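Data file: query16.cif. Format and content: mmCIF, C-alpha atoms.
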```cif
data_run
#
loop_
_atom_site.label_atom_id
_atom_site.label_comp_id
_atom_site.auth_asym_id
_atom_site.auth_seq_id
_atom_site.Cartn_x
_atom_site.Cartn_y
_atom_site.Cartn_z
CA MET A 1 101.93 84.01 65.64
CA ASN A 2 105.03 86.21 65.77
CA MET A 3 106.23 85.92 69.37
CA ASP A 4 109.13 88.39 69.03
CA ARG A 5 106.94 91.33 70.09
CA PHE A 6 104.36 89.38 72.10
CA LEU A 7 103.47 90.61 75.61
CA SER A 8 102.08 88.31 78.31
CA VAL A 9 100.22 90.09 81.13
CA VAL A 10 99.99 88.06 84.35
CA ILE A 11 97.17 89.12 86.69
CA PRO A 12 96.64 87.34 90.03
CA ALA A 13 93.05 87.44 91.28
CA TYR A 14 91.51 86.58 94.63
CA ASN A 15 87.76 87.18 95.08
CA GLU A 16 87.75 89.74 92.26
CA GLN A 17 84.57 88.75 90.44
CA SER A 18 83.23 92.31 90.36
CA VAL A 19 86.33 93.88 88.81
CA LEU A 20 87.37 91.27 86.21
CA PRO A 21 85.21 92.52 83.29
CA HIS A 22 86.47 96.09 83.85
CA THR A 23 90.08 94.87 83.86
CA VAL A 24 89.73 92.88 80.64
CA LYS A 25 87.99 95.75 78.89
CA ALA A 26 90.51 98.40 79.98
CA VAL A 27 93.64 96.35 79.21
CA CYS A 28 92.35 95.08 75.87
CA GLU A 29 91.27 98.54 74.72
CA THR A 30 94.57 100.15 75.69
CA LEU A 31 96.91 97.52 74.24
CA SER A 32 94.83 97.13 71.07
CA ARG A 33 94.88 100.90 70.54
CA GLU A 34 98.68 100.81 70.90
CA ARG A 35 98.88 97.86 68.46
CA ILE A 36 100.67 95.69 71.03
CA PRO A 37 100.20 91.92 70.53
CA PHE A 38 99.35 90.41 73.89
CA GLU A 39 97.70 87.76 76.02
CA MET A 40 96.22 88.11 79.52
CA ILE A 41 96.73 85.31 82.04
CA PHE A 42 94.41 85.51 85.04
CA VAL A 43 95.41 83.33 87.99
CA ASP A 44 92.54 82.52 90.34
CA ASP A 45 94.14 82.06 93.77
CA GLY A 46 91.47 79.85 95.31
CA SER A 47 88.72 82.48 95.23
CA GLN A 48 85.50 81.84 97.12
CA ASP A 49 83.25 83.96 94.93
CA GLY A 50 82.53 83.65 91.21
CA THR A 51 86.01 84.73 90.07
CA TRP A 52 86.80 81.47 88.26
CA GLU A 53 83.41 81.30 86.55
CA CYS A 54 83.98 84.86 85.34
CA ILE A 55 87.46 83.97 84.04
CA ARG A 56 86.05 80.93 82.22
CA ALA A 57 83.36 83.06 80.63
CA LEU A 58 85.92 85.66 79.50
CA SER A 59 88.40 83.09 78.17
CA GLY A 60 87.08 79.60 77.47
CA GLY A 61 83.69 81.02 76.63
CA GLY A 62 85.18 82.49 73.46
CA GLN A 63 84.64 86.14 74.28
CA ASP A 64 88.32 86.94 73.73
CA ALA A 65 90.98 84.46 72.60
CA ARG A 66 93.64 86.69 74.15
CA VAL A 67 92.37 85.89 77.65
CA ARG A 68 93.58 82.76 79.44
CA GLY A 69 92.92 81.49 82.94
CA LEU A 70 94.51 79.32 85.61
CA ARG A 71 92.73 78.12 88.73
CA LEU A 72 94.92 77.12 91.65
CA SER A 73 93.73 74.17 93.72
CA ARG A 74 93.47 76.35 96.85
CA HIS A 75 94.49 79.76 98.19
CA PHE A 76 98.31 79.89 98.02
CA GLY A 77 98.91 83.65 98.20
CA LYS A 78 99.77 86.46 95.82
CA ASP A 79 103.40 85.57 95.09
CA PRO A 80 102.75 81.88 94.29
CA SER A 81 99.94 83.08 92.00
CA ILE A 82 102.36 85.39 90.21
CA PHE A 83 104.87 82.59 89.74
CA ALA A 84 102.14 80.29 88.40
CA GLY A 85 101.31 82.89 85.74
CA LEU A 86 104.97 83.52 84.92
CA CYS A 87 105.51 79.81 84.29
CA GLU A 88 102.62 79.81 81.79
CA ALA A 89 103.57 83.02 79.96
CA ARG A 90 104.49 82.64 76.29
CA GLY A 91 105.52 86.19 75.42
CA ALA A 92 108.90 87.67 74.59
CA CYS A 93 108.24 89.92 77.58
CA VAL A 94 105.98 89.45 80.58
CA ALA A 95 104.29 92.04 82.79
CA VAL A 96 102.68 91.57 86.19
CA MET A 97 99.87 93.87 87.29
CA ASP A 98 97.09 93.94 89.89
CA CYS A 99 93.56 92.93 89.00
CA ASP A 100 91.91 96.02 90.47
CA LEU A 101 93.23 98.47 87.83
CA GLN A 102 95.24 100.45 90.38
CA HIS A 103 98.10 99.72 87.98
CA PRO A 104 97.02 101.79 84.95
CA PRO A 105 96.94 100.01 81.53
CA GLU A 106 98.35 103.20 79.96
CA THR A 107 101.48 102.77 82.08
CA LEU A 108 101.64 99.13 80.98
CA ALA A 109 101.77 100.28 77.35
CA ALA A 110 104.52 102.79 78.24
CA MET A 111 106.50 100.00 79.94
CA TYR A 112 106.25 97.96 76.75
CA ARG A 113 107.63 100.88 74.69
CA LEU A 114 110.62 101.08 77.05
CA TRP A 115 111.16 97.35 76.54
CA GLU A 116 111.17 97.94 72.77
CA GLN A 117 113.98 100.45 73.33
CA GLY A 118 116.13 97.71 74.87
CA TRP A 119 115.34 97.83 78.58
CA GLN A 120 115.08 94.32 80.03
CA VAL A 121 113.38 95.14 83.35
CA VAL A 122 110.91 98.02 83.70
CA SER A 123 109.68 98.65 87.25
CA GLY A 124 106.59 100.69 88.06
CA ILE A 125 107.27 103.20 90.84
CA LYS A 126 104.32 104.53 92.83
CA GLN A 127 103.85 108.24 93.13
CA GLU A 128 102.64 109.58 96.49
CA ARG A 129 99.19 108.22 97.30
CA THR A 130 97.27 111.05 98.91
CA ARG A 131 94.15 108.93 99.51
CA GLU A 132 95.99 106.82 102.08
CA SER A 133 96.57 107.89 105.67
CA GLY A 134 99.89 109.33 106.73
CA LEU A 135 100.45 106.30 108.98
CA HIS A 136 99.94 103.90 106.08
CA ARG A 137 102.38 105.81 103.87
CA ALA A 138 104.96 105.97 106.66
CA LEU A 139 104.69 102.24 107.31
CA ALA A 140 104.99 101.49 103.59
CA ARG A 141 108.14 103.62 103.31
CA ALA A 142 109.62 101.96 106.39
CA PHE A 143 108.86 98.50 105.02
CA ASN A 144 110.40 99.25 101.62
CA ALA A 145 113.47 100.77 103.28
CA ALA A 146 113.94 97.74 105.55
CA LEU A 147 113.38 95.34 102.66
CA GLY A 148 115.83 97.25 100.46
CA ARG A 149 118.54 97.17 103.13
CA ALA A 150 117.94 93.46 103.69
CA ALA A 151 118.19 92.59 99.99
CA GLY A 152 120.83 95.17 99.10
CA VAL A 153 118.67 96.90 96.44
CA ASP A 154 116.62 100.10 96.28
CA MET A 155 112.98 99.17 96.98
CA GLN A 156 111.55 102.65 97.67
CA GLY A 157 108.26 103.10 95.83
CA THR A 158 108.44 99.70 94.15
CA SER A 159 105.45 97.45 93.55
CA ASP A 160 104.56 94.21 91.80
CA PHE A 161 103.89 96.25 88.63
CA ILE A 162 106.92 95.06 86.65
CA LEU A 163 107.71 94.13 83.05
CA LEU A 164 110.42 91.53 82.38
CA ASP A 165 112.20 90.50 79.22
CA ARG A 166 112.45 86.74 78.63
CA ALA A 167 116.06 86.57 79.96
CA PRO A 168 115.37 88.13 83.39
CA LEU A 169 112.13 86.15 83.54
CA GLU A 170 114.06 82.90 83.29
CA ALA A 171 116.44 84.21 85.96
CA VAL A 172 113.51 84.99 88.30
CA LEU A 173 112.07 81.51 87.78
CA SER A 174 115.44 79.96 88.65
CA TYR A 175 115.11 81.13 92.29
CA ARG A 176 114.06 78.12 94.34
CA GLU A 177 112.86 79.62 97.63
CA GLN A 178 109.61 78.23 98.98
CA ASP A 179 108.63 81.71 100.18
CA ALA A 180 109.65 83.43 96.96
CA PHE A 181 109.10 87.20 97.15
CA PHE A 182 108.57 88.26 93.55
CA ARG A 183 109.10 91.99 93.94
CA VAL A 184 112.52 91.58 95.55
CA ILE A 185 113.68 88.74 93.30
CA ALA A 186 112.81 90.80 90.23
CA SER A 187 115.07 93.53 91.64
CA LEU A 188 117.87 91.14 92.58
CA VAL A 189 118.36 89.54 89.16
CA GLY A 190 119.93 92.66 87.69
CA PHE A 191 119.94 93.06 83.87
CA ARG A 192 119.42 96.33 82.02
CA ARG A 193 116.70 98.06 83.99
CA THR A 194 114.78 101.32 84.23
CA ARG A 195 111.85 102.76 86.14
CA ILE A 196 108.61 104.47 85.27
CA SER A 197 106.37 106.43 87.63
CA PHE A 198 102.62 105.94 87.81
CA SER A 199 99.75 107.31 89.85
CA VAL A 200 97.83 104.68 91.78
CA ALA A 201 94.26 104.77 90.49
CA PRO A 202 91.16 104.02 92.59
CA ARG A 203 89.96 100.43 92.50
CA ALA A 204 87.64 99.84 89.55
CA ALA A 205 85.29 97.82 91.81
CA GLY A 206 85.24 95.86 95.03
CA ASN A 207 87.41 96.25 98.12
CA SER A 208 91.00 95.46 99.01
CA LYS A 209 91.58 91.92 100.32
CA TRP A 210 94.56 93.01 102.43
CA SER A 211 94.00 93.44 106.17
CA PHE A 212 96.53 94.96 108.58
CA VAL A 213 97.41 91.48 109.87
CA SER A 214 97.93 90.05 106.37
CA LEU A 215 100.09 93.04 105.40
CA LEU A 216 102.17 92.60 108.56
CA ARG A 217 102.60 88.89 107.84
CA TYR A 218 103.59 89.72 104.25
CA ALA A 219 106.16 92.25 105.46
CA MET A 220 107.72 89.79 107.90
CA GLN A 221 107.86 87.15 105.19
CA GLY A 222 109.77 89.51 102.91
CA ILE A 223 112.22 90.74 105.54
CA THR A 224 113.05 87.28 106.95
CA ALA A 225 113.46 85.90 103.42
CA PHE A 226 116.40 88.19 102.68
CA SER A 227 117.86 89.24 106.02
CA GLY A 228 119.02 87.95 109.38
CA ALA A 229 118.28 91.36 110.95
CA PRO A 230 115.54 89.99 113.26
CA LEU A 231 118.04 87.48 114.64
CA ALA A 232 120.56 90.27 115.13
CA GLY A 233 117.88 92.28 116.93
CA ALA A 234 117.29 89.38 119.30
CA TRP A 235 121.05 89.22 119.99
CA TRP A 236 121.28 92.94 120.71
CA GLY A 237 118.28 92.72 123.00
CA ALA A 238 119.91 89.90 124.91
CA ALA A 239 123.10 91.98 125.19
CA LEU A 240 121.09 94.96 126.47
CA PHE A 241 119.33 92.98 129.20
CA SER A 242 122.55 91.21 130.17
CA SER A 243 124.27 94.56 130.56
CA ALA A 244 121.38 95.92 132.63
CA ALA A 245 121.49 92.82 134.84
CA LEU A 246 125.25 93.21 135.29
CA VAL A 247 124.89 96.88 136.22
CA SER A 248 122.15 95.99 138.71
CA ALA A 249 124.28 93.26 140.27
CA LEU A 250 127.30 95.57 140.60
CA THR A 251 125.15 98.36 142.08
CA TYR A 252 123.72 95.98 144.64
CA ALA A 253 127.15 94.54 145.48
CA PHE A 254 128.66 97.96 146.20
CA SER A 255 125.69 99.84 147.68
CA GLY A 256 122.93 97.35 148.33
CA GLU A 257 120.39 99.86 146.97
CA VAL A 258 118.80 97.91 144.11
CA SER A 259 115.09 97.48 144.91
CA GLY A 260 113.20 94.21 144.57
CA GLU A 261 110.69 95.92 142.24
CA TRP A 262 113.48 96.82 139.82
CA ILE A 263 114.77 93.24 139.81
CA GLY A 264 111.25 91.92 139.22
CA ILE A 265 110.70 94.28 136.27
CA MET A 266 114.05 93.29 134.77
CA LEU A 267 113.17 89.60 135.07
CA LEU A 268 109.79 90.10 133.39
CA LEU A 269 111.32 92.08 130.54
CA ALA A 270 114.11 89.56 130.10
CA CYS A 271 111.61 86.67 129.97
CA ALA A 272 109.47 88.52 127.44
CA TRP A 273 112.51 89.19 125.27
CA ILE A 274 113.61 85.54 125.47
CA LEU A 275 110.17 84.40 124.28
CA ALA A 276 110.24 86.93 121.43
CA ALA A 277 113.73 85.80 120.41
CA LEU A 278 112.61 82.18 120.45
CA GLY A 279 109.70 83.13 118.20
CA VAL A 280 112.04 84.81 115.71
CA LEU A 281 114.40 81.84 115.76
CA GLY A 282 111.47 79.47 115.30
CA GLY A 283 110.37 81.41 112.24
CA TYR A 284 113.75 80.91 110.58
CA VAL A 285 113.81 77.22 111.52
CA TYR A 286 110.35 76.82 109.98
CA LYS A 287 111.60 78.44 106.76
CA LEU A 288 114.45 75.90 106.66
CA TYR A 289 111.93 73.10 107.24
CA ARG A 290 109.71 74.29 104.37
CA GLN A 291 112.71 74.53 102.07
CA ALA A 292 113.91 71.03 103.03
CA VAL A 293 110.49 69.46 102.50
CA ASN A 294 110.29 71.26 99.11
CA ARG A 295 106.56 71.04 98.58
CA PRO A 296 105.12 72.59 95.40
CA ARG A 297 104.76 76.37 95.51
CA PHE A 298 101.36 76.01 93.88
CA LEU A 299 99.08 73.46 92.21
CA ILE A 300 97.14 74.23 89.05
CA ALA A 301 93.73 72.56 89.15
CA GLU A 302 92.26 73.85 85.91
CA ARG A 303 93.00 75.90 82.83
CA SER A 304 90.74 77.91 80.58
CA GLY A 305 91.47 79.34 77.17
CA CYS A 306 94.34 76.86 76.75
CA GLU A 307 94.70 73.70 74.73
CA ASP A 308 95.13 71.58 77.86
CA GLU A 309 92.65 71.87 80.73
CA GLU A 310 93.81 68.82 82.66
CA VAL A 311 94.84 68.96 86.32
CA SER A 312 98.57 69.56 86.61
CA GLU A 313 101.23 70.13 89.24
CA ASN A 314 104.11 72.57 89.46
CA THR A 315 107.00 71.54 91.68
CA LEU A 316 109.22 74.62 91.59
#
```
For this file, write the structure as C-alpha cells.
Amino acid sequence: MNMDRFLSVVIPAYNEQSVLPHTVKAVCETLSRERIPFEMIFVDDGSQDGTWECIRALSGGGQDARVRGLRLSRHFGKDPSIFAGLCEARGACVAVMDCDLQHPPETLAAMYRLWEQGWQVVSGIKQERTRESGLHRALARAFNAALGRAAGVDMQGTSDFILLDRAPLEAVLSYREQDAFFRVIASLVGFRRTRISFSVAPRAAGNSKWSFVSLLRYAMQGITAFSGAPLAGAWWGAALFSSAALVSALTYAFSGEVSGEWIGIMLLLACAWILAALGVLGGYVYKLYRQAVNRPRFLIAERSGCEDEEVSENTL
C-alpha cells in the first residue's frame, strides 16, 4: 500500500448506532469517487447502545476493509477519543470529523485537495447556522472568542473538523496535558495552514448527545486549560468588594450614615464571591493533581478490523 497519499479519517462515536451506516456509506462513496485512498477509524467512547456491535459488523465483519474500530474501556469524552484515533492513524494525513455527518464528506475531499497543494493544516470553519437559536449562536461566538484570547489564536468559527499532515499530527500528539483540548492544540502547533468554509448539515440520524451542562463543562475545561483569566476575575472581584468595603467604612466614619442592611448585603456578596473564587482555585489545583498523577488519557479495550485485537493501554 502506497502511504504517501493515504488519508486516515478519525471519527469519535458515542451512542451513534443509528447513524453509523449512513456515515460509512457517505464517506466511502465520496472519497472513492474522488479516488482518494483512505481508511476510517471509528472510536467507540464507551457507548451504551449497539455502537460497538455496529462498528464490528462494518469493519471486522468484512463489509469494508477500509473501516477500522477502537472500543475504549469506558466513556472518556470526545477529546480523549480523538487522541485515541490519532494515535492509531496510519495515513500521510489525518482528518477528524463528527459521526453525525454534520461535517460534510464533500468538504473532507476538498480539504484533502488543499493538503495535496502543500497545506499542512486545513481547518473547517462553520458558516452561520440558521437552524440554531440566536442565544446558542451568541454563546458559541463568545466561547470561541474567549478561547481564542486565552490561547492566543483565532478560534472564531472553528470546529473539530480538521485535517493534519503527518508533521503537525506528531506535534499535536507531543502535547502532554491530561485535559488535552484537540481543537485548540491543533491551532497552537502552527505549520502551514489554511481554512475552508462549510455549511453544517442536519444530523443524518439520532439526536445530539450534548446537553447545556455538558457544553458548559466543556467550555470551562477549554478556557481553564489555556488561561488564568478565571483566577484574574476572582482577584478583580476581591478588589471590587474590598474597595466597596473601604468606601463604606470611610462613609460611616465621617457621617455615620451607612445602614446595617447595606453592610449585611455587602457581607453576603463578599462571602459568595469568596466561595466562587475558592471554587475556581480548586479547579486549577485539581488540574495540577491530574497532571501530577498522570493517569492514561484513555484505555483501548478492543480493536476491530486490525491485525491485533488484544486489550491495550495508552499512557499519553
Nearest to A:Ser59, chosen from A:Val24, A:Tyr286, A:Arg74, A:Gln117, with all atoms listed in the file counted in the distances: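 Among A:Val24, A:Tyr286, A:Arg74, A:Gln117, it is A:Val24 that comes nearest to A:Ser59.
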Once the PyMOL selection byres ((chain A and resi 47) around 10) is applied to the coordinates I shared, what remains selected? I want it as an mmCIF file with C-alpha atoms, in the coordinates of the input.
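Below you can see result_0.cif, which holds the result:
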```cif
data_model
loop_
_atom_site.group_PDB
_atom_site.id
_atom_site.type_symbol
_atom_site.label_atom_id
_atom_site.label_comp_id
_atom_site.auth_asym_id
_atom_site.auth_seq_id
_atom_site.Cartn_x
_atom_site.Cartn_y
_atom_site.Cartn_z
ATOM 1 C CA ALA A 13 93.050 87.440 91.280
ATOM 2 C CA TYR A 14 91.510 86.580 94.630
ATOM 3 C CA ASN A 15 87.760 87.180 95.080
ATOM 4 C CA GLU A 16 87.750 89.740 92.260
ATOM 5 C CA GLN A 17 84.570 88.750 90.440
ATOM 6 C CA VAL A 43 95.410 83.330 87.990
ATOM 7 C CA ASP A 44 92.540 82.520 90.340
ATOM 8 C CA ASP A 45 94.140 82.060 93.770
ATOM 9 C CA GLY A 46 91.470 79.850 95.310
ATOM 10 C CA GLN A 48 85.500 81.840 97.120
ATOM 11 C CA ASP A 49 83.250 83.960 94.930
ATOM 12 C CA GLY A 50 82.530 83.650 91.210
ATOM 13 C CA THR A 51 86.010 84.730 90.070
ATOM 14 C CA TRP A 52 86.800 81.470 88.260
ATOM 15 C CA ARG A 71 92.730 78.120 88.730
ATOM 16 C CA LEU A 72 94.920 77.120 91.650
ATOM 17 C CA SER A 73 93.730 74.170 93.720
ATOM 18 C CA ARG A 74 93.470 76.350 96.850
ATOM 19 C CA HIS A 75 94.490 79.760 98.190
#
```
Interatomic distance, atom CA of A:Pro105 to atom CA of A:Cys28 (Å, one decimal): 8.8 Å
Report as an mmCIF file with C-alpha atoms, in the coordinates of the input the residues that result from applying the PyMOL selection byres ((chain A and resi 116) around 12) to the structure here.
```cif
data_model
loop_
_atom_site.group_PDB
_atom_site.id
_atom_site.type_symbol
_atom_site.label_atom_id
_atom_site.label_comp_id
_atom_site.auth_asym_id
_atom_site.auth_seq_id
_atom_site.Cartn_x
_atom_site.Cartn_y
_atom_site.Cartn_z
ATOM 1 C CA ASP A 4 109.130 88.390 69.030
ATOM 2 C CA ARG A 5 106.940 91.330 70.090
ATOM 3 C CA PHE A 6 104.360 89.380 72.100
ATOM 4 C CA LEU A 7 103.470 90.610 75.610
ATOM 5 C CA ILE A 36 100.670 95.690 71.030
ATOM 6 C CA ALA A 92 108.900 87.670 74.590
ATOM 7 C CA CYS A 93 108.240 89.920 77.580
ATOM 8 C CA ALA A 109 101.770 100.280 77.350
ATOM 9 C CA ALA A 110 104.520 102.790 78.240
ATOM 10 C CA MET A 111 106.500 100.000 79.940
ATOM 11 C CA TYR A 112 106.250 97.960 76.750
ATOM 12 C CA ARG A 113 107.630 100.880 74.690
ATOM 13 C CA LEU A 114 110.620 101.080 77.050
ATOM 14 C CA TRP A 115 111.160 97.350 76.540
ATOM 15 C CA GLN A 117 113.980 100.450 73.330
ATOM 16 C CA GLY A 118 116.130 97.710 74.870
ATOM 17 C CA TRP A 119 115.340 97.830 78.580
ATOM 18 C CA GLN A 120 115.080 94.320 80.030
ATOM 19 C CA VAL A 121 113.380 95.140 83.350
ATOM 20 C CA VAL A 122 110.910 98.020 83.700
ATOM 21 C CA LEU A 163 107.710 94.130 83.050
ATOM 22 C CA LEU A 164 110.420 91.530 82.380
ATOM 23 C CA ASP A 165 112.200 90.500 79.220
#
```
Point-to-point distance in Å for atom CA of A:Arg56 and atom CA of A:Val96: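 Atom CA of A:Arg56 lies 20.1 Å from atom CA of A:Val96.
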